[in-house]
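Listing of start25.cif, mmCIF, C-alpha atoms
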```
data_model
loop_
_atom_site.label_atom_id
_atom_site.label_comp_id
_atom_site.auth_asym_id
_atom_site.auth_seq_id
_atom_site.Cartn_x
_atom_site.Cartn_y
_atom_site.Cartn_z
CA MET A 140 -34.86 -15.81 19.09
CA LYS A 141 -35.13 -13.94 15.80
CA LYS A 142 -31.80 -13.10 14.20
CA LYS A 143 -30.91 -9.48 13.58
CA ILE A 144 -29.83 -8.81 9.99
CA ILE A 145 -26.58 -6.93 9.38
CA ASN A 146 -25.17 -5.79 6.04
CA VAL A 147 -21.37 -5.61 5.74
CA VAL A 148 -20.18 -3.67 2.69
CA THR A 149 -16.50 -4.06 1.76
CA LEU A 150 -14.58 -1.62 -0.43
CA GLY A 151 -10.94 -1.67 -1.54
CA CYS A 152 -8.48 -4.53 -1.66
CA SER A 153 -8.52 -8.21 -0.81
CA LYS A 154 -6.93 -7.45 2.57
CA ASN A 155 -10.11 -5.57 3.47
CA ILE A 156 -12.14 -8.59 2.38
CA VAL A 157 -10.28 -10.74 4.93
CA ASP A 158 -10.91 -8.18 7.70
CA SER A 159 -14.63 -8.17 6.87
CA GLU A 160 -14.72 -11.97 6.81
CA HIS A 161 -13.20 -12.12 10.32
CA LEU A 162 -15.78 -9.58 11.50
CA MET A 163 -18.67 -11.50 9.94
CA ALA A 164 -17.53 -14.75 11.59
CA GLN A 165 -17.80 -13.01 14.96
CA LEU A 166 -21.21 -11.56 14.08
CA ARG A 167 -22.52 -14.92 12.87
CA ARG A 168 -21.60 -16.51 16.20
CA ASN A 169 -23.52 -13.67 17.89
CA ASN A 170 -26.71 -14.80 16.13
CA PHE A 171 -26.67 -12.17 13.38
CA GLU A 172 -27.92 -13.00 9.90
CA ILE A 173 -25.17 -11.82 7.55
CA LYS A 174 -25.63 -9.99 4.28
CA PHE A 175 -22.66 -8.59 2.42
CA ASP A 176 -22.19 -5.91 -0.23
CA SER A 177 -25.94 -5.56 -0.56
CA ASN A 178 -27.84 -2.44 -1.64
CA THR A 179 -31.26 -4.10 -1.49
CA THR A 180 -31.25 -5.85 1.88
CA ASP A 181 -33.76 -5.16 4.62
CA ALA A 182 -30.91 -5.05 7.15
CA LYS A 183 -31.35 -2.23 9.64
CA ILE A 184 -27.65 -2.25 10.62
CA VAL A 185 -24.95 -1.48 8.05
CA VAL A 186 -21.15 -1.66 8.44
CA VAL A 187 -19.00 -0.19 5.64
CA ASN A 188 -15.35 -1.27 5.48
CA THR A 189 -13.64 1.60 3.63
CA CYS A 190 -10.52 2.07 1.51
CA GLY A 191 -8.28 5.14 1.76
CA PHE A 192 -5.37 4.19 -0.50
CA ILE A 193 -5.62 6.63 -3.44
CA GLY A 194 -7.91 9.47 -4.49
CA ASP A 195 -10.38 7.40 -6.52
CA ALA A 196 -10.74 4.84 -3.71
CA LYS A 197 -11.34 7.55 -1.12
CA GLU A 198 -14.00 9.12 -3.34
CA GLU A 199 -15.78 5.78 -3.72
CA SER A 200 -15.69 5.26 0.06
CA VAL A 201 -17.09 8.72 0.81
CA ASN A 202 -19.87 8.30 -1.78
CA THR A 203 -20.82 4.94 -0.28
CA ILE A 204 -20.95 6.39 3.23
CA LEU A 205 -23.10 9.29 2.01
CA GLY A 206 -25.50 6.89 0.29
CA PHE A 207 -26.10 4.92 3.48
CA ALA A 208 -26.18 8.13 5.58
CA ASN A 209 -29.03 9.34 3.36
CA ALA A 210 -30.76 5.98 3.81
CA LYS A 211 -30.46 6.39 7.59
CA SER A 212 -31.87 9.94 7.44
CA ALA A 213 -34.79 8.57 5.42
CA GLY A 214 -35.46 5.91 8.05
CA GLU A 215 -34.50 3.00 5.78
CA ILE A 216 -31.76 1.82 8.14
CA ASP A 217 -31.35 2.32 11.89
CA HIS A 218 -27.61 2.18 12.46
CA LEU A 219 -24.53 2.93 10.33
CA PHE A 220 -20.97 2.06 11.35
CA ILE A 221 -17.82 2.83 9.36
CA MET A 222 -14.49 0.97 9.64
CA GLY A 223 -11.27 0.51 7.65
CA CYS A 224 -8.56 2.65 6.15
CA LEU A 225 -10.52 5.84 5.40
CA ALA A 226 -11.96 5.88 8.92
CA GLU A 227 -8.52 5.19 10.41
CA ARG A 228 -6.96 8.16 8.66
CA TYR A 229 -9.76 10.73 8.57
CA LYS A 230 -11.87 9.88 11.63
CA LYS A 231 -12.16 13.44 13.00
CA GLU A 232 -12.92 14.97 9.61
CA LEU A 233 -15.54 12.32 8.84
CA GLU A 234 -17.22 12.76 12.22
CA GLN A 235 -17.64 16.46 11.44
CA GLU A 236 -18.66 16.06 7.79
CA ILE A 237 -20.97 13.02 8.06
CA PRO A 238 -22.42 13.04 11.60
CA GLU A 239 -25.25 10.66 10.57
CA VAL A 240 -22.81 7.77 11.13
CA ASP A 241 -23.24 6.20 14.58
CA ARG A 242 -19.52 5.48 15.08
CA TYR A 243 -16.27 5.38 13.14
CA PHE A 244 -13.66 2.66 13.74
CA GLY A 245 -10.12 2.22 12.43
CA VAL A 246 -8.43 -0.86 10.99
CA ASN A 247 -7.77 -2.84 14.18
CA ASN A 248 -11.00 -2.42 16.12
CA LEU A 249 -12.97 -5.60 15.35
CA ALA A 250 -13.80 -6.23 19.02
CA ASP A 251 -15.16 -2.69 19.43
CA ILE A 252 -17.32 -3.05 16.30
CA VAL A 253 -18.81 -6.36 17.47
CA GLU A 254 -19.72 -4.80 20.82
CA ALA A 255 -21.08 -1.62 19.17
CA VAL A 256 -23.66 -3.61 17.20
CA GLY A 257 -24.72 -5.51 20.32
CA GLY A 258 -22.53 -8.61 20.23
CA ARG A 259 -19.72 -10.10 22.29
CA TYR A 260 -16.24 -10.53 20.80
CA ARG A 261 -14.83 -14.03 21.30
CA ASP A 262 -11.07 -14.52 21.30
CA GLU A 263 -11.51 -18.24 20.63
CA LEU A 264 -12.87 -17.39 17.16
CA THR A 265 -9.56 -15.85 16.04
CA GLY A 266 -8.88 -17.17 12.54
CA GLU A 267 -12.52 -18.05 11.80
CA ARG A 268 -13.95 -16.59 8.59
CA HIS A 269 -17.33 -16.06 6.96
CA LEU A 270 -16.17 -16.44 3.37
CA THR A 271 -17.49 -14.07 0.72
CA THR A 272 -15.36 -15.44 -2.13
CA PRO A 273 -16.54 -18.34 -4.32
CA HIS A 274 -16.27 -21.46 -2.16
CA HIS A 275 -13.23 -22.91 -3.94
CA TYR A 276 -10.75 -20.14 -3.02
CA ALA A 277 -9.94 -17.81 -0.14
CA TYR A 278 -7.43 -15.12 0.73
CA LEU A 279 -4.89 -15.79 3.49
CA LYS A 280 -3.54 -12.56 5.02
CA ILE A 281 -0.15 -13.33 6.54
CA SER A 282 0.81 -9.92 7.95
CA GLU A 283 -0.37 -6.38 8.57
CA GLY A 284 1.30 -3.04 7.87
CA CYS A 285 4.51 -2.20 6.03
CA ASN A 286 8.01 -0.95 6.89
CA TRP A 287 9.16 0.28 3.48
CA GLY A 288 7.84 3.85 3.42
CA CYS A 289 7.73 4.26 -0.37
CA GLY A 290 7.57 7.91 -1.39
CA TYR A 291 3.99 7.81 -2.72
CA CYS A 292 2.32 5.40 -0.31
CA ALA A 293 0.17 6.19 2.74
CA ILE A 294 -0.30 2.57 3.83
CA PRO A 295 2.30 2.70 6.67
CA LEU A 296 0.58 5.85 7.96
CA ILE A 297 -2.76 4.02 7.98
CA ARG A 298 -1.90 0.41 8.78
CA GLY A 299 1.29 0.91 10.81
CA ARG A 300 4.54 -1.04 10.74
CA HIS A 301 4.85 -4.64 9.56
CA VAL A 302 3.44 -7.27 11.93
CA SER A 303 3.58 -10.93 10.86
CA VAL A 304 0.90 -13.42 11.90
CA PRO A 305 2.58 -16.40 13.69
CA MET A 306 3.09 -19.35 11.34
CA GLU A 307 1.18 -21.81 13.54
CA GLN A 308 -1.85 -19.51 13.51
CA LEU A 309 -1.75 -19.21 9.72
CA VAL A 310 -1.44 -22.98 9.26
CA ALA A 311 -4.41 -23.53 11.59
CA GLU A 312 -6.48 -20.95 9.67
CA ALA A 313 -5.52 -22.55 6.35
CA GLU A 314 -6.45 -26.01 7.67
CA GLY A 315 -9.84 -24.65 8.67
CA LEU A 316 -10.34 -23.18 5.21
CA ALA A 317 -9.35 -26.49 3.60
CA HIS A 318 -11.80 -28.32 5.85
CA SER A 319 -14.57 -25.99 4.61
CA GLY A 320 -13.80 -26.93 1.00
CA VAL A 321 -11.30 -24.25 -0.08
CA LYS A 322 -8.92 -25.56 -2.76
CA GLU A 323 -6.85 -22.44 -3.54
CA LEU A 324 -5.22 -20.06 -1.08
CA ILE A 325 -4.23 -16.61 -2.33
CA VAL A 326 -1.47 -15.43 0.01
CA ILE A 327 -1.66 -11.67 0.64
CA ALA A 328 -0.21 -8.87 2.79
CA GLN A 329 0.99 -5.31 2.28
CA ASP A 330 4.34 -7.03 1.57
CA THR A 331 4.39 -10.83 1.55
CA THR A 332 8.16 -11.17 1.08
CA TYR A 333 8.87 -9.38 4.41
CA TYR A 334 7.01 -12.13 6.26
CA GLY A 335 8.65 -13.40 9.46
CA LEU A 336 11.39 -10.82 9.84
CA ASP A 337 9.78 -9.28 12.91
CA LEU A 338 8.89 -12.59 14.57
CA TYR A 339 11.79 -14.86 13.67
CA GLY A 340 14.62 -12.47 12.80
CA GLU A 341 14.64 -13.67 9.19
CA ARG A 342 12.31 -13.84 6.21
CA ARG A 343 10.26 -17.02 6.42
CA LEU A 344 7.84 -16.78 3.48
CA GLY A 345 9.45 -19.73 1.70
CA ASP A 346 9.10 -21.87 4.82
CA LEU A 347 5.47 -20.79 5.25
CA LEU A 348 4.61 -21.64 1.63
CA ARG A 349 6.12 -25.11 1.99
CA ARG A 350 4.12 -25.74 5.17
CA LEU A 351 0.91 -24.61 3.48
CA CYS A 352 1.65 -27.05 0.64
CA ARG A 353 1.51 -29.91 3.15
CA ILE A 354 -2.13 -29.23 4.05
CA ASP A 355 -4.51 -31.88 2.71
CA GLY A 356 -7.21 -30.39 0.52
CA ILE A 357 -5.24 -27.31 -0.55
CA GLU A 358 -4.34 -27.83 -4.21
CA TRP A 359 -3.15 -24.36 -5.30
CA LEU A 360 -1.21 -21.56 -3.63
CA ARG A 361 -0.97 -18.19 -5.35
CA LEU A 362 1.31 -15.40 -4.15
CA HIS A 363 0.33 -11.72 -4.32
CA TYR A 364 1.94 -8.39 -3.27
CA ALA A 365 5.53 -9.63 -3.40
CA TYR A 366 7.83 -6.65 -2.85
CA PRO A 367 10.84 -6.90 -5.19
CA ALA A 368 13.63 -5.39 -3.04
CA GLN A 369 15.68 -8.04 -1.18
CA PHE A 370 13.47 -10.73 -2.71
CA PRO A 371 14.07 -13.98 -0.77
CA ASP A 372 15.75 -16.72 -2.82
CA ASP A 373 13.94 -19.48 -0.93
CA VAL A 374 10.61 -18.23 -2.30
CA ILE A 375 11.88 -18.75 -5.83
CA GLY A 376 13.06 -22.20 -4.76
CA ALA A 377 9.66 -23.05 -3.28
CA MET A 378 7.89 -21.92 -6.47
CA ARG A 379 10.26 -24.08 -8.50
CA ASP A 380 10.00 -27.20 -6.32
CA GLU A 381 6.41 -27.25 -5.03
CA PRO A 382 3.80 -28.35 -7.59
CA LYS A 383 0.99 -26.79 -5.54
CA ILE A 384 2.43 -23.27 -5.89
CA CYS A 385 1.10 -21.58 -9.02
CA LYS A 386 3.79 -20.43 -11.41
CA TYR A 387 2.40 -16.92 -11.07
CA LEU A 388 3.66 -13.90 -9.17
CA ASP A 389 2.13 -10.50 -8.44
CA ILE A 390 5.23 -8.30 -8.02
CA PRO A 391 4.79 -4.49 -8.14
CA PHE A 392 7.85 -2.90 -9.76
CA GLN A 393 6.31 0.62 -10.11
CA HIS A 394 9.14 2.00 -12.28
CA ILE A 395 12.50 1.16 -13.82
CA SER A 396 14.55 4.38 -14.14
CA ASP A 397 17.12 4.69 -11.37
CA SER A 398 16.19 8.30 -10.59
CA GLN A 399 12.51 7.42 -10.15
CA LEU A 400 13.22 4.27 -8.13
CA LYS A 401 15.47 6.28 -5.81
CA SER A 402 12.92 9.08 -5.41
CA MET A 403 10.17 6.51 -4.81
CA ARG A 404 12.39 4.88 -2.12
CA ARG A 405 11.89 1.45 -3.62
CA GLY A 406 15.10 -0.10 -2.29
CA LEU A 407 16.45 -1.48 -5.59
CA ASP A 408 17.74 -0.15 -8.92
CA LYS A 409 17.25 -0.86 -12.61
CA ALA A 410 20.01 -3.44 -12.91
CA GLU A 411 18.74 -5.36 -9.87
CA THR A 412 15.20 -5.32 -11.29
CA TYR A 413 16.24 -6.82 -14.63
CA ALA A 414 18.43 -9.38 -12.84
CA LEU A 415 15.56 -10.44 -10.57
CA VAL A 416 13.17 -10.97 -13.51
CA GLU A 417 15.83 -12.94 -15.38
CA LYS A 418 16.46 -15.13 -12.34
CA MET A 419 12.76 -15.82 -11.80
CA ARG A 420 12.23 -16.85 -15.41
CA ARG A 421 15.33 -19.01 -15.38
CA GLU A 422 14.55 -20.75 -12.08
CA VAL A 423 10.78 -21.08 -12.61
CA PRO A 424 10.21 -21.79 -16.31
CA GLY A 425 6.84 -20.60 -17.56
CA ILE A 426 6.23 -18.24 -14.64
CA ALA A 427 3.55 -15.60 -15.30
CA LEU A 428 4.49 -12.19 -13.94
CA ARG A 429 1.93 -9.56 -13.05
CA THR A 430 3.09 -6.06 -12.10
CA THR A 431 1.87 -2.53 -11.45
CA LEU A 432 3.55 0.63 -12.72
CA LEU A 433 3.21 4.22 -11.51
CA THR A 434 3.35 7.13 -13.95
CA GLY A 435 3.42 10.86 -13.34
CA TYR A 436 5.32 10.62 -10.06
CA PRO A 437 6.88 14.01 -9.22
CA GLY A 438 10.12 14.51 -11.16
CA GLU A 439 9.41 11.89 -13.82
CA SER A 440 11.06 13.08 -17.04
CA GLU A 441 10.36 12.11 -20.65
CA GLN A 442 13.55 10.04 -20.50
CA ASP A 443 12.32 8.23 -17.37
CA PHE A 444 9.03 7.47 -19.11
CA GLU A 445 10.81 6.17 -22.23
CA GLU A 446 12.85 3.84 -20.00
CA LEU A 447 9.58 2.58 -18.52
CA LEU A 448 8.16 1.89 -21.99
CA GLN A 449 11.32 0.02 -22.94
CA PHE A 450 11.10 -2.00 -19.72
CA VAL A 451 7.58 -3.14 -20.72
CA ARG A 452 8.80 -4.02 -24.22
CA ASP A 453 11.76 -5.97 -22.82
CA ILE A 454 9.94 -7.95 -20.12
CA ARG A 455 6.54 -8.44 -21.78
CA PHE A 456 4.64 -9.02 -18.54
CA GLU A 457 1.75 -11.47 -18.71
CA ARG A 458 -0.41 -8.99 -16.78
CA LEU A 459 0.15 -5.25 -16.29
CA GLY A 460 -1.71 -2.50 -14.45
CA VAL A 461 -0.77 1.19 -14.64
CA PHE A 462 -1.77 3.89 -12.17
CA PRO A 463 -1.39 7.66 -12.44
CA TYR A 464 0.23 9.28 -9.39
CA SER A 465 -2.19 10.26 -6.62
CA GLU A 466 -0.81 12.71 -4.05
CA GLU A 467 -1.40 11.51 -0.50
CA GLU A 468 -1.05 13.69 2.58
CA GLY A 469 1.93 12.90 4.78
CA THR A 470 3.92 10.97 2.18
CA TYR A 471 7.41 11.91 1.02
#
```
Just dump the structure as structure tokens.
Amino acid sequence: MKKKIINVVTLGCSKNIVDSEHLMAQLRRNNFEIKFDSNTTDAKIVVVNTCGFIGDAKEESVNTILGFANAKSAGEIDHLFIMGCLAERYKKELEQEIPEVDRYFGVNNLADIVEAVGGRYRDELTGERHLTTPHHYAYLKISEGCNWGCGYCAIPLIRGRHVSVPMEQLVAEAEGLAHSGVKELIVIAQDTTYYGLDLYGERRLGDLLRRLCRIDGIEWLRLHYAYPAQFPDDVIGAMRDEPKICKYLDIPFQHISDSQLKSMRRGLDKAETYALVEKMRREVPGIALRTTLLTGYPGESEQDFEELLQFVRDIRFERLGVFPYSEEEGTY
């Protein structure tokens, strides 16, 4: 039986990459030949996994959809399906504006997508991945959604409240990745430090990291998206004690002035931020800190901005990304 070719195009963050990889694993077991992120494939079925986080990302998603919609109108592809954050949030508007798309799906509809393209969703494949990263590393998504409700962020409106993946399921997925040759796991979520609170009544990220360190074949663990408020001490301890955990942390501080942090609803203040950085560098010597900052948030004064500049001078982050404020409907 000849395999049908399907092209899965992924936009946005690494969490979207994981969702696409789970989808492609299901499609592969349904006898599809998988292409990904291709603009030159002869695939007649295309699935676009969209991002809807900020204005620029939404524009990229819409332009990508329009490009494939034009290809469908020209007869170059037969079917076009859209999934992910943009489709979750703007499904009705997109259906009206770009009717060339066969169907739109949200962020938690993998089974529906598999069936829409002519396959059968298999529960026993939960955790299986068709990796699109270089073979030596993979992302491990430990939870979905977020409970914080920061003043600028639409993620809880799109992805819902925080839901942790059970630890046994994550360990099994990680063991499978190690068996396939993965050496480095990059641990991701909307907020990794919240992990376990909903399932176990307490934060269990430190425990999870230590269990992942015990897996044969996994040599590096790298932690991303670590929310700074109520940062769990046992994570710092695990980073200090476990040689497999990279002395690297992606921790988005966003701002430093108390008025901006309060307006952003970040859950910590300036003094707590400085104290947390000091503690991390004391407990984990040589740690590399990567952060993101947000400028132009409503109400930001010249004084607030000067405090932010001084914060950067004081801390001297190893990696730093800065975003201008993007107004998102429905946020505070």
Adding 8 Å on each side of the box along x, y and z that holds all listed atoms of region 400-404 of chain A, could you give its centre and edge lengths in Å to one decimal, as AutoDock Vina command-line options?
```
--center_x 12.8 --center_y 6.7 --center_z -5.1 --size_x 21.3 --size_y 20.8 --size_z 22.0
```
Can you tell me which residues surround region 221-229 of chain A at a distance of at most 7 Å, considering only C-alpha atoms, apart from same-chain residues fewer than 4 positions away, and format the answer as a VMD selection string? chain A and resid 186 to 191 197 233 242 to 246 297
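Shortest separation to Asn202 (chain A) among A:Val185, A:Leu162, A:Leu407, A:Leu150 occurs at residue A:Leu150, atoms counted being only C-alpha atoms.
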For Ile354 (chain A), which residue out of A:Leu309, A:Ile237, A:Leu433, A:Ala293 is the nearest one, using only C-alpha atoms? A:Leu309
Which neighbours of Gln393 (chain A) fall inside 7 Å, counting all atoms listed in the file, when residues of the same chain fewer than 2 positions from it are skipped, and could you give them as a list of chain:residue names?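 Non-adjacent residues within range: A:Pro391, A:Thr431, A:Leu432, A:Leu433.
Against this structure, the PyMOL selection byres ((chain A and resi 327) around 7) ends up with Tyr278, Leu279, Lys280, Ile281, Ile325, Val326, Ala328, Thr331, Leu362, His363 and Tyr364 of chain A.
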Just C-alpha atoms for this one: save the residues we selected as a PDB file, in the frame of the given file.
```pdb
ATOM      1  CA  TYR A 278      -7.430 -15.120   0.730  1.00  0.00           C
ATOM      2  CA  LEU A 279      -4.890 -15.790   3.490  1.00  0.00           C
ATOM      3  CA  LYS A 280      -3.540 -12.560   5.020  1.00  0.00           C
ATOM      4  CA  ILE A 281      -0.150 -13.330   6.540  1.00  0.00           C
ATOM      5  CA  ILE A 325      -4.230 -16.610  -2.330  1.00  0.00           C
ATOM      6  CA  VAL A 326      -1.470 -15.430   0.010  1.00  0.00           C
ATOM      7  CA  ALA A 328      -0.210  -8.870   2.790  1.00  0.00           C
ATOM      8  CA  THR A 331       4.390 -10.830   1.550  1.00  0.00           C
ATOM      9  CA  LEU A 362       1.310 -15.400  -4.150  1.00  0.00           C
ATOM     10  CA  HIS A 363       0.330 -11.720  -4.320  1.00  0.00           C
ATOM     11  CA  TYR A 364       1.940  -8.390  -3.270  1.00  0.00           C
TER      12      TYR A 364
END
```
